>>> print(open('input.tsv').read())   # TSV, C-alpha atoms
chain	number	residue	atom	x	y	z
A	843	MET	CA	113.68	84.93	-22.01
A	844	ASN	CA	115.09	82.77	-24.72
A	845	PRO	CA	117.75	80.16	-23.78
A	846	THR	CA	119.45	80.84	-27.12
A	847	ASP	CA	120.26	84.37	-25.86
A	848	PHE	CA	123.14	82.94	-23.82
A	849	GLU	CA	126.56	82.06	-25.09
A	850	GLU	CA	127.77	80.43	-21.87
A	851	ILE	CA	126.59	79.78	-18.33
A	852	PHE	CA	129.52	81.50	-16.69
A	853	LEU	CA	128.66	80.83	-13.03
A	854	PRO	CA	126.09	78.11	-12.31
A	855	GLU	CA	123.64	78.51	-9.45
A	856	ASN	CA	125.24	75.85	-7.21
A	857	LYS	CA	128.66	77.50	-7.45
A	858	ILE	CA	127.15	80.89	-6.55
A	859	GLN	CA	125.37	79.43	-3.52
A	860	GLN	CA	128.53	77.68	-2.29
A	861	ARG	CA	130.53	80.90	-2.54
A	862	LEU	CA	127.81	82.82	-0.69
A	863	ASP	CA	128.13	80.37	2.21
A	864	GLN	CA	131.86	81.14	2.38
A	865	LEU	CA	131.39	84.92	2.12
A	866	ALA	CA	128.71	84.96	4.81
A	867	ALA	CA	130.94	82.93	7.15
A	868	GLN	CA	133.77	85.41	6.64
A	869	ILE	CA	131.48	88.42	7.25
A	870	GLN	CA	130.05	86.69	10.35
A	871	ARG	CA	133.56	86.27	11.77
A	872	ASP	CA	134.65	89.81	10.93
A	873	TYR	CA	131.54	91.46	12.39
A	874	ALA	CA	130.92	89.18	15.38
A	875	ASN	CA	129.56	91.19	18.32
A	876	GLN	CA	129.09	94.31	16.18
A	877	ASP	CA	125.91	95.98	15.00
A	878	LEU	CA	126.35	95.94	11.24
A	879	THR	CA	124.47	98.04	8.68
A	880	LEU	CA	124.34	96.55	5.19
A	881	VAL	CA	123.81	99.06	2.39
A	882	GLY	CA	122.77	97.51	-0.90
A	883	VAL	CA	123.46	99.37	-4.13
A	884	LEU	CA	120.27	99.23	-6.19
A	885	THR	CA	119.23	97.57	-8.35
A	886	GLY	CA	121.83	95.01	-9.31
A	887	SER	CA	122.70	93.91	-5.78
A	888	VAL	CA	119.16	92.85	-4.80
A	889	MET	CA	119.57	89.08	-5.35
A	890	PHE	CA	123.08	88.99	-3.92
A	891	LEU	CA	122.07	91.06	-0.90
A	892	ALA	CA	118.97	88.93	-0.23
A	893	ASP	CA	120.87	85.65	-0.43
A	894	LEU	CA	123.67	87.02	1.73
A	895	LEU	CA	121.19	88.30	4.33
A	896	ARG	CA	119.59	84.88	4.67
A	897	ARG	CA	122.97	83.45	5.67
A	898	LEU	CA	123.89	86.06	8.28
A	899	THR	CA	122.79	85.51	11.87
A	900	ILE	CA	124.56	88.52	13.38
A	901	GLN	CA	122.71	91.63	14.51
A	902	LEU	CA	122.27	93.90	11.50
A	903	ARG	CA	120.22	96.58	9.78
A	904	VAL	CA	119.61	96.95	6.04
A	905	ASP	CA	119.13	99.95	3.79
A	906	ASN	CA	119.67	100.68	0.11
A	907	ILE	CA	121.16	103.46	-1.95
A	908	GLY	CA	120.08	103.85	-5.56
A	909	VAL	CA	122.64	104.88	-8.15
A	910	SER	CA	122.98	104.68	-11.90
A	911	THR	CA	126.04	104.59	-14.18
A	912	TYR	CA	125.05	102.27	-17.05
A	913	ARG	CA	121.80	103.54	-18.59
A	914	GLY	CA	121.09	100.55	-20.80
A	915	GLY	CA	124.42	99.78	-22.42
A	916	THR	CA	127.12	97.19	-21.89
A	917	LYS	CA	129.63	99.76	-20.58
A	918	SER	CA	129.36	102.43	-17.90
A	919	SER	CA	128.26	105.81	-19.20
A	920	GLY	CA	130.73	107.50	-16.86
A	921	ASP	CA	127.89	109.52	-15.33
A	922	PHE	CA	126.93	108.95	-11.71
A	923	THR	CA	123.41	109.69	-10.51
A	924	VAL	CA	121.92	109.07	-7.06
A	925	THR	CA	118.33	107.84	-7.44
A	926	LYS	CA	117.64	106.91	-3.78
A	927	THR	CA	119.29	108.07	-0.57
A	928	LEU	CA	119.63	106.17	2.71
A	929	TRP	CA	116.80	106.10	5.20
A	930	LEU	CA	118.87	104.82	8.14
A	931	ASP	CA	121.42	106.90	10.03
A	932	VAL	CA	124.87	105.27	9.71
A	933	LYS	CA	126.83	107.70	11.88
A	934	ASP	CA	129.18	105.79	14.21
A	935	ARG	CA	127.99	102.45	12.78
A	936	ASP	CA	129.85	99.66	10.99
A	937	VAL	CA	128.75	99.81	7.35
A	938	LEU	CA	129.19	97.20	4.64
A	939	VAL	CA	128.25	98.39	1.15
A	940	VAL	CA	127.04	95.49	-1.02
A	941	ASP	CA	127.13	95.79	-4.82
A	942	ASP	CA	126.72	93.46	-7.77
A	943	ILE	CA	129.90	94.17	-9.71
A	944	LEU	CA	133.16	96.11	-9.45
A	945	ASP	CA	134.05	97.17	-12.97
A	946	SER	CA	135.68	100.60	-13.37
A	947	GLY	CA	135.16	101.43	-9.70
A	948	LEU	CA	133.13	104.57	-10.46
A	949	THR	CA	130.04	103.42	-8.58
A	950	LEU	CA	131.75	102.21	-5.43
A	951	LEU	CA	134.13	105.17	-5.24
A	952	ASN	CA	131.19	107.55	-5.38
A	953	VAL	CA	129.13	105.51	-2.92
A	954	ARG	CA	132.14	105.37	-0.58
A	955	ARG	CA	132.44	109.18	-0.72
A	956	ILE	CA	128.75	109.54	0.09
A	957	MET	CA	129.01	107.08	2.98
A	958	GLN	CA	132.17	108.73	4.38
A	959	GLY	CA	130.22	112.00	4.53
A	960	LEU	CA	127.75	110.24	6.85
A	961	TYR	CA	130.56	109.43	9.34
A	962	PRO	CA	130.33	105.66	9.85
A	963	ARG	CA	132.60	104.02	12.45
A	964	SER	CA	133.90	101.68	9.75
A	965	LEU	CA	133.23	101.32	6.05
A	966	ARG	CA	133.89	98.28	3.88
A	967	SER	CA	132.57	96.95	0.59
A	968	CYS	CA	131.41	93.58	-0.67
A	969	VAL	CA	130.87	92.75	-4.34
A	970	PHE	CA	129.42	89.71	-6.02
A	971	LEU	CA	131.74	90.03	-9.04
A	972	GLU	CA	135.00	91.87	-9.61
A	973	LYS	CA	136.23	92.29	-13.16
A	974	GLU	CA	139.93	91.74	-13.65
A	975	VAL	CA	140.50	95.24	-15.02
A	976	PRO	CA	142.22	98.31	-13.58
A	977	HIS	CA	139.89	100.17	-11.19
A	978	LEU	CA	139.79	103.92	-10.64
A	979	GLU	CA	142.12	104.94	-7.81
A	980	ASN	CA	143.09	101.22	-7.57
A	981	PHE	CA	139.86	100.64	-5.64
A	982	ARG	CA	139.51	97.15	-4.16
A	983	ALA	CA	136.51	95.60	-2.46
A	984	ASP	CA	137.03	94.07	0.98
A	985	TYR	CA	134.92	91.01	0.12
A	986	VAL	CA	134.68	89.53	-3.37
A	987	GLY	CA	132.43	86.70	-4.48
A	988	PHE	CA	134.13	85.95	-7.80
A	989	LYS	CA	136.83	87.54	-9.93
A	990	ILE	CA	135.94	87.40	-13.61
A	991	PRO	CA	137.60	88.40	-16.87
A	992	ASN	CA	136.52	91.58	-18.63
A	993	GLN	CA	133.32	90.18	-20.12
A	994	PHE	CA	129.80	91.55	-20.08
A	995	VAL	CA	127.64	89.21	-18.01
A	996	VAL	CA	123.99	89.05	-16.98
A	997	GLY	CA	121.96	87.20	-14.40
A	998	TYR	CA	121.79	87.00	-10.64
A	999	GLY	CA	120.85	90.69	-10.47
A	1000	LEU	CA	122.97	91.92	-13.38
A	1001	ASP	CA	121.02	93.11	-16.38
A	1002	TYR	CA	121.18	94.19	-19.96
A	1003	ARG	CA	118.53	96.85	-20.59
A	1004	GLU	CA	116.66	95.72	-17.45
A	1005	ARG	CA	116.45	92.12	-18.71
A	1006	TYR	CA	117.93	88.91	-17.32
A	1007	ARG	CA	118.23	90.08	-13.67
A	1008	ASN	CA	116.08	87.17	-12.49
A	1009	LEU	CA	118.38	84.40	-13.74
A	1010	PRO	CA	119.68	82.20	-10.88
A	1011	TYR	CA	123.05	81.97	-12.64
A	1012	VAL	CA	125.47	84.31	-14.45
A	1013	ALA	CA	125.79	84.05	-18.23
A	1014	THR	CA	127.33	85.79	-21.20
A	1015	LEU	CA	125.03	87.00	-23.96
A	1016	ARG	CA	125.31	86.11	-27.60
A	1017	PRO	CA	125.92	89.16	-29.81
A	1018	ALA	CA	122.56	88.49	-31.52
A	1019	ALA	CA	120.75	88.83	-28.16
A	1020	ILE	CA	122.42	92.20	-27.56
A	1021	GLU	CA	121.44	93.38	-31.03
A	1022	SER	CA	117.81	92.20	-30.69
A	1023	THR	CA	117.28	94.12	-27.43
A	1024	ARG	CA	118.85	97.42	-28.51
A	1025	SER	CA	115.55	98.84	-29.69
>>> encode(input="input.tsv", output="structure tokens")
Amino acid sequence: MNPTDFEEIFLPENKIQQRLDQLAAQIQRDYANQDLTLVGVLTGSVMFLADLLRRLTIQLRVDNIGVSTYRGGTKSSGDFTVTKTLWLDVKDRDVLVVDDILDSGLTLLNVRRIMQGLYPRSLRSCVFLEKEVPHLENFRADYVGFKIPNQFVVGYGLDYRERYRNLPYVATLRPAAIESTRS
């Protein structure tokens, strides 16, 4: 990873960690005395989910659902594919779906439909980032880490062509970095 790939550090690590403390406290309050099931949306939510989990002391279970809508570009392909289904039964359980980013809303709308078909007691969503763009069906997440402008960002789980997920911060890419990784 070349530091010259990045145009701007958009969200530094310390700011992310501070916001996670706040989000976890809010989730703790909202789900006190409940048996929560967190469902991470693979693969982008892995870092966010792991850091959030470490902050939660309430009773909970964790599972993941794998989906794909990007396929290597900087914009959603519009296609929705399930690559991994849930292992845990969520019927009559409180479910919080955790995802990396709310962009068009395609992913979370489809995941919500899948989850509703499994008959949870309650169903909410939590996203690390929400782009300030119109979302399909005016979808809104219940918990939002950060609202960001309509920019393509990488880091902290978000990738470009499976690169940059491991950054502890969120950054924008220089156009030259996008061009050099297209092949």
>>> residues_around(input="input.tsv", residues="Glu850 in chain A", least_positions_apart="4", cutoff="9 Å", atoms="only C-alpha atoms", output="list of chain:residue names")
A:Val1012, A:Ala1013, A:Thr1014, A:Leu1015, A:Arg1016
>>> closest_residue(input="input.tsv", among="A:Asp941, A:Asn952, A:Asp984, A:Arg903", to="Thr923 in chain A", atoms="all atoms listed in the file")
A:Asn952
>>> atom_distance(input="input.tsv", atom1="CA of Asn980 in chain A", atom2="CA of Ser946 in chain A")
9.4 Å
>>> closest_residue(input="input.tsv", among="A:Leu878, A:Val975, A:Val909, A:Ala983", to="Leu938 in chain A", atoms="only C-alpha atoms")
A:Leu878
>>> residues_around(input="input.tsv", residues="Tyr961 in chain A", least_positions_apart="6", cutoff="8 Å", atoms="all atoms listed in the file", output="list in words")
Val932, Lys933 and Asp934 of chain A
>>> build_atoms(input="input.tsv", residues="range 845-856 of chain A", atoms="all heavy atoms", output="short mmCIF file (atom, residue, chain, number, x, y, z; two decimals), keeping the file's coordinate frame")
data_model
loop_
_atom_site.label_atom_id
_atom_site.label_comp_id
_atom_site.auth_asym_id
_atom_site.auth_seq_id
_atom_site.Cartn_x
_atom_site.Cartn_y
_atom_site.Cartn_z
N PRO A 845 116.48 80.80 -24.13
CA PRO A 845 117.75 80.16 -23.78
C PRO A 845 118.84 80.35 -24.84
O PRO A 845 120.02 80.27 -24.52
CB PRO A 845 117.40 78.67 -23.64
CG PRO A 845 115.92 78.61 -23.52
CD PRO A 845 115.37 79.87 -24.13
N THR A 846 118.46 80.62 -26.07
CA THR A 846 119.45 80.84 -27.12
C THR A 846 120.10 82.22 -27.02
O THR A 846 121.01 82.52 -27.77
CB THR A 846 118.84 80.65 -28.52
OG1 THR A 846 117.83 81.63 -28.71
CG2 THR A 846 118.27 79.25 -28.69
N ASP A 847 119.64 83.07 -26.08
CA ASP A 847 120.26 84.37 -25.86
C ASP A 847 121.66 84.23 -25.24
O ASP A 847 122.47 85.14 -25.32
CB ASP A 847 119.43 85.23 -24.91
CG ASP A 847 118.15 85.76 -25.55
OD1 ASP A 847 117.97 85.58 -26.77
OD2 ASP A 847 117.35 86.36 -24.82
N PHE A 848 121.93 83.09 -24.62
CA PHE A 848 123.14 82.94 -23.82
C PHE A 848 124.22 82.16 -24.55
O PHE A 848 123.98 81.12 -25.13
CB PHE A 848 122.82 82.27 -22.49
CG PHE A 848 121.67 82.94 -21.79
CD1 PHE A 848 120.48 82.27 -21.61
CD2 PHE A 848 121.77 84.25 -21.38
CE1 PHE A 848 119.41 82.90 -21.00
CE2 PHE A 848 120.70 84.88 -20.77
CZ PHE A 848 119.52 84.21 -20.58
N GLU A 849 125.42 82.72 -24.48
CA GLU A 849 126.56 82.06 -25.09
C GLU A 849 127.12 80.99 -24.15
O GLU A 849 127.47 79.90 -24.57
CB GLU A 849 127.63 83.11 -25.39
CG GLU A 849 128.70 82.65 -26.33
CD GLU A 849 129.37 83.83 -26.98
OE1 GLU A 849 130.27 84.41 -26.35
OE2 GLU A 849 128.98 84.16 -28.11
N GLU A 850 127.17 81.34 -22.84
CA GLU A 850 127.77 80.43 -21.87
C GLU A 850 127.19 80.70 -20.49
O GLU A 850 126.98 81.85 -20.11
CB GLU A 850 129.29 80.69 -21.84
CG GLU A 850 130.02 79.97 -20.75
CD GLU A 850 131.48 80.42 -20.63
OE1 GLU A 850 131.89 81.41 -21.27
OE2 GLU A 850 132.21 79.79 -19.85
N ILE A 851 126.91 79.64 -19.75
CA ILE A 851 126.59 79.78 -18.33
C ILE A 851 127.94 79.94 -17.64
O ILE A 851 128.72 79.00 -17.54
CB ILE A 851 125.83 78.56 -17.76
CG1 ILE A 851 124.57 78.28 -18.55
CG2 ILE A 851 125.56 78.76 -16.26
CD1 ILE A 851 123.52 79.36 -18.48
N PHE A 852 128.21 81.14 -17.22
CA PHE A 852 129.52 81.50 -16.69
C PHE A 852 129.69 81.05 -15.24
O PHE A 852 130.73 80.53 -14.86
CB PHE A 852 129.67 83.02 -16.81
CG PHE A 852 131.07 83.50 -16.74
CD1 PHE A 852 131.93 83.35 -17.81
CD2 PHE A 852 131.53 84.12 -15.59
CE1 PHE A 852 133.23 83.80 -17.74
CE2 PHE A 852 132.82 84.58 -15.51
CZ PHE A 852 133.67 84.42 -16.59
N LEU A 853 128.66 81.28 -14.42
CA LEU A 853 128.66 80.83 -13.03
C LEU A 853 127.34 80.14 -12.76
O LEU A 853 126.30 80.79 -12.70
CB LEU A 853 128.81 82.01 -12.06
CG LEU A 853 130.15 82.73 -12.04
CD1 LEU A 853 130.06 84.00 -11.20
CD2 LEU A 853 131.23 81.81 -11.48
N PRO A 854 127.35 78.82 -12.58
CA PRO A 854 126.09 78.11 -12.31
C PRO A 854 125.58 78.41 -10.89
O PRO A 854 126.34 78.82 -10.01
CB PRO A 854 126.47 76.64 -12.46
CG PRO A 854 127.94 76.58 -12.32
CD PRO A 854 128.49 77.93 -12.69
N GLU A 855 124.30 78.20 -10.71
CA GLU A 855 123.64 78.51 -9.45
C GLU A 855 124.31 77.84 -8.25
O GLU A 855 124.53 78.48 -7.21
CB GLU A 855 122.16 78.11 -9.52
CG GLU A 855 121.37 78.47 -8.30
CD GLU A 855 119.90 78.14 -8.44
OE1 GLU A 855 119.50 77.50 -9.43
OE2 GLU A 855 119.16 78.53 -7.52
N ASN A 856 124.66 76.56 -8.37
CA ASN A 856 125.24 75.85 -7.21
C ASN A 856 126.58 76.45 -6.81
O ASN A 856 126.90 76.53 -5.62
CB ASN A 856 125.36 74.35 -7.48
CG ASN A 856 126.33 74.01 -8.59
OD1 ASN A 856 126.55 74.78 -9.53
ND2 ASN A 856 126.93 72.84 -8.50
#
